[in-house]
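K.L.:
I am sharing structure27.pdb, which consists of PDB, C-alpha atoms:
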```pdb
MODEL        1
ATOM      1  CA  ARG X   1      36.362  11.209  -3.783
ATOM      2  CA  PHE X   2      39.639   9.415  -4.214
ATOM      3  CA  VAL X   3      42.990   9.906  -2.536
ATOM      4  CA  ALA X   4      45.871   7.986  -4.091
ATOM      5  CA  GLY X   5      43.376   5.522  -5.529
ATOM      6  CA  ARG X   6      41.496   5.026  -2.245
ATOM      7  CA  ARG X   7      37.852   5.831  -1.897
ATOM      8  CA  THR X   8      37.059   8.416   0.757
ATOM      9  CA  GLY X   9      33.357   9.001   0.099
ATOM     10  CA  LEU X  10      30.883  10.063  -2.537
ATOM     11  CA  THR X  11      31.316  13.392  -4.232
ATOM     12  CA  ARG X  12      28.284  15.660  -4.280
ATOM     13  CA  ALA X  13      27.814  14.902  -7.976
ATOM     14  CA  ALA X  14      27.909  11.155  -7.318
ATOM     15  CA  ALA X  15      25.410  11.505  -4.475
ATOM     16  CA  ARG X  16      23.053  13.480  -6.762
ATOM     17  CA  ALA X  17      23.466  10.888  -9.507
ATOM     18  CA  LEU X  18      22.654   8.101  -7.061
ATOM     19  CA  ARG X  19      19.368   9.797  -6.172
ATOM     20  CA  ALA X  20      18.492  10.021  -9.875
ATOM     21  CA  VAL X  21      18.596   6.266 -10.565
ATOM     22  CA  ASP X  22      16.401   3.366  -9.494
ATOM     23  CA  CYS X  23      19.346   1.093  -8.747
ATOM     24  CA  LEU X  24      23.062   0.671  -9.379
ATOM     25  CA  GLN X  25      23.887  -1.939 -12.011
ATOM     26  CA  VAL X  26      27.652  -2.113 -12.031
ATOM     27  CA  PRO X  27      30.590  -4.438 -12.655
ATOM     28  CA  VAL X  28      32.598  -5.688  -9.682
ATOM     29  CA  ALA X  29      35.590  -3.764 -11.013
ATOM     30  CA  GLN X  30      36.550  -1.480 -13.854
ATOM     31  CA  GLY X  31      40.096  -2.344 -14.763
ATOM     32  CA  ARG X  32      42.088  -2.213 -11.535
ATOM     33  CA  LEU X  33      39.499  -0.055  -9.755
ATOM     34  CA  ARG X  34      37.108  -2.015  -7.559
ATOM     35  CA  VAL X  35      33.620  -0.589  -8.087
ATOM     36  CA  VAL X  36      31.695  -2.635  -5.519
ATOM     37  CA  ASP X  37      32.755  -2.602  -1.881
ATOM     38  CA  ALA X  38      31.045  -2.244   1.483
ATOM     39  CA  GLY X  39      31.022   1.552   1.132
ATOM     40  CA  THR X  40      29.354   1.475  -2.274
ATOM     41  CA  VAL X  41      26.657  -0.906  -1.066
ATOM     42  CA  ALA X  42      26.072   1.105   2.117
ATOM     43  CA  ALA X  43      25.809   4.403   0.212
ATOM     44  CA  ALA X  44      23.352   2.942  -2.285
ATOM     45  CA  HIS X  45      21.229   1.379   0.443
ATOM     46  CA  ALA X  46      21.279   4.620   2.457
ATOM     47  CA  ALA X  47      19.872   6.339  -0.634
ATOM     48  CA  GLY X  48      17.186   3.653  -0.923
ATOM     49  CA  ARG X  49      18.767   2.073  -3.994
ATOM     50  CA  GLN X  50      19.549  -1.557  -4.764
ATOM     51  CA  VAL X  51      22.914  -2.776  -6.056
ATOM     52  CA  HIS X  52      23.056  -5.301  -8.909
ATOM     53  CA  VAL X  53      26.498  -6.578  -9.910
ATOM     54  CA  TRP X  54      27.560  -8.094 -13.238
ATOM     55  CA  THR X  55      28.945 -10.443 -14.558
ATOM     56  CA  VAL X  56      29.744 -12.762 -11.655
ATOM     57  CA  ASN X  57      30.561 -16.360 -12.608
ATOM     58  CA  ASP X  58      32.726 -17.447  -9.670
ATOM     59  CA  PRO X  59      30.972 -18.986  -6.627
ATOM     60  CA  ALA X  60      33.488 -17.512  -4.156
ATOM     61  CA  GLN X  61      32.932 -14.042  -5.606
ATOM     62  CA  MET X  62      29.160 -14.601  -5.514
ATOM     63  CA  ARG X  63      29.388 -15.441  -1.812
ATOM     64  CA  ALA X  64      31.581 -12.425  -1.063
ATOM     65  CA  LEU X  65      29.235 -10.029  -2.864
ATOM     66  CA  LEU X  66      26.171 -11.483  -1.161
ATOM     67  CA  ASP X  67      27.992 -11.069   2.163
ATOM     68  CA  LEU X  68      28.443  -7.370   1.291
ATOM     69  CA  GLY X  69      24.679  -7.123   0.887
ATOM     70  CA  VAL X  70      24.294  -6.705  -2.870
ATOM     71  CA  ASP X  71      20.705  -7.131  -3.993
ATOM     72  CA  GLY X  72      21.246  -8.897  -7.302
ATOM     73  CA  LEU X  73      23.848 -10.795  -9.279
ATOM     74  CA  VAL X  74      23.984 -11.110 -13.050
ATOM     75  CA  THR X  75      25.725 -14.298 -14.143
ATOM     76  CA  ASP X  76      26.327 -16.598 -17.091
ATOM     77  CA  ARG X  77      26.278 -19.498 -14.609
ATOM     78  CA  ALA X  78      22.804 -19.596 -13.101
ATOM     79  CA  ASP X  79      23.518 -23.171 -11.982
ATOM     80  CA  LEU X  80      26.382 -21.980  -9.776
ATOM     81  CA  LEU X  81      24.364 -19.090  -8.376
ATOM     82  CA  ARG X  82      21.518 -21.495  -7.615
ATOM     83  CA  ASP X  83      23.948 -23.715  -5.681
ATOM     84  CA  VAL X  84      25.300 -20.740  -3.709
ATOM     85  CA  LEU X  85      21.775 -19.570  -2.865
ATOM     86  CA  ARG X  86      20.732 -23.102  -1.881
ATOM     87  CA  GLU X  87      23.655 -23.430   0.534
ATOM     88  CA  ARG X  88      22.572 -20.115   2.093
ATOM     89  CA  GLY X  89      18.959 -21.262   2.301
ATOM     90  CA  THR X  90      17.728 -18.423   0.100
ATOM     91  CA  TRP X  91      16.887 -20.261  -3.145
ATOM     92  CA  ARG X  92      13.171 -20.125  -3.980
TER      93      ARG X  92
ENDMDL
END
```
I need this file expressed as structure tokens, please.
P.N.:
Amino acid sequence: RFVAGRRTGLTRAAARALRAVDCLQVPVAQGRLRVVDAGTVAAAHAAGRQVHVWTVNDPAQMRALLDLGVDGLVTDRADLLRDVLRERGTWR
């Protein structure tokens, strides 16, 4: 649900749709609307779903999304993502 462009929670239809998918694979934003935020990640995780975000090529944005708890990042710059994961001690 949205009020004056602000997210207030998932609609029933969105909650049903979330249960019908294996994971969310979404852009960070669609136009001026931010798709991925703490609420989106929390709702997906509460439903047992992962969140994969595309296409993230900026290291600062990678860090911010990882801090939100996203489960995967799609990027054109695997070298930058590797560096971000190394600095966090999570590169394997």
K.L.:
Quick one, how far is CA of Asp76 in chain X from CA of Gly39 in chain X?
P.N.:
26.1 Å
K.L.:
So which residues touch range 49-54 of chain X within 9 Å, counting only C-alpha atoms, skipping near sequence neighbours fewer than 4 positions away, as a count of residues only?
P.N.:
24
K.L.:
Taking (25.8, -12.4, 1.4) in the file's coordinates as the center, which residues reach within 12 Å of it, counting only C-alpha atoms, put as a ChimeraX atom specification?
P.N.:
/X:38,41,59-73,81,84-85,87-90
K.L.:
So for range 45-62 of chain X, what box centre and size do we get, axis-aligned, 8 Å extra on each of the six sides, every listed atom, Å to one decimal, as JSON?
P.N.:
```
{"center_x": 25.3, "center_y": -6.3, "center_z": -6.1, "size_x": 32.3, "size_y": 41.3, "size_z": 33.0}
```
K.L.:
What separation in Å, quoted to one decimal, exists between CA of Trp91 in chain X and CA of Arg77 in chain X?
P.N.:
14.8 Å
K.L.:
Could you please determine the separation between CA of Ala15 in chain X and CA of Gly48 in chain X in Å, to one decimal place?
P.N.:
11.9 Å
K.L.:
Could you check which of X:Asp83, X:Ala46, X:Ala78, X:Thr55 is closest to Ala29 in chain X, using only C-alpha atoms?
P.N.:
X:Thr55
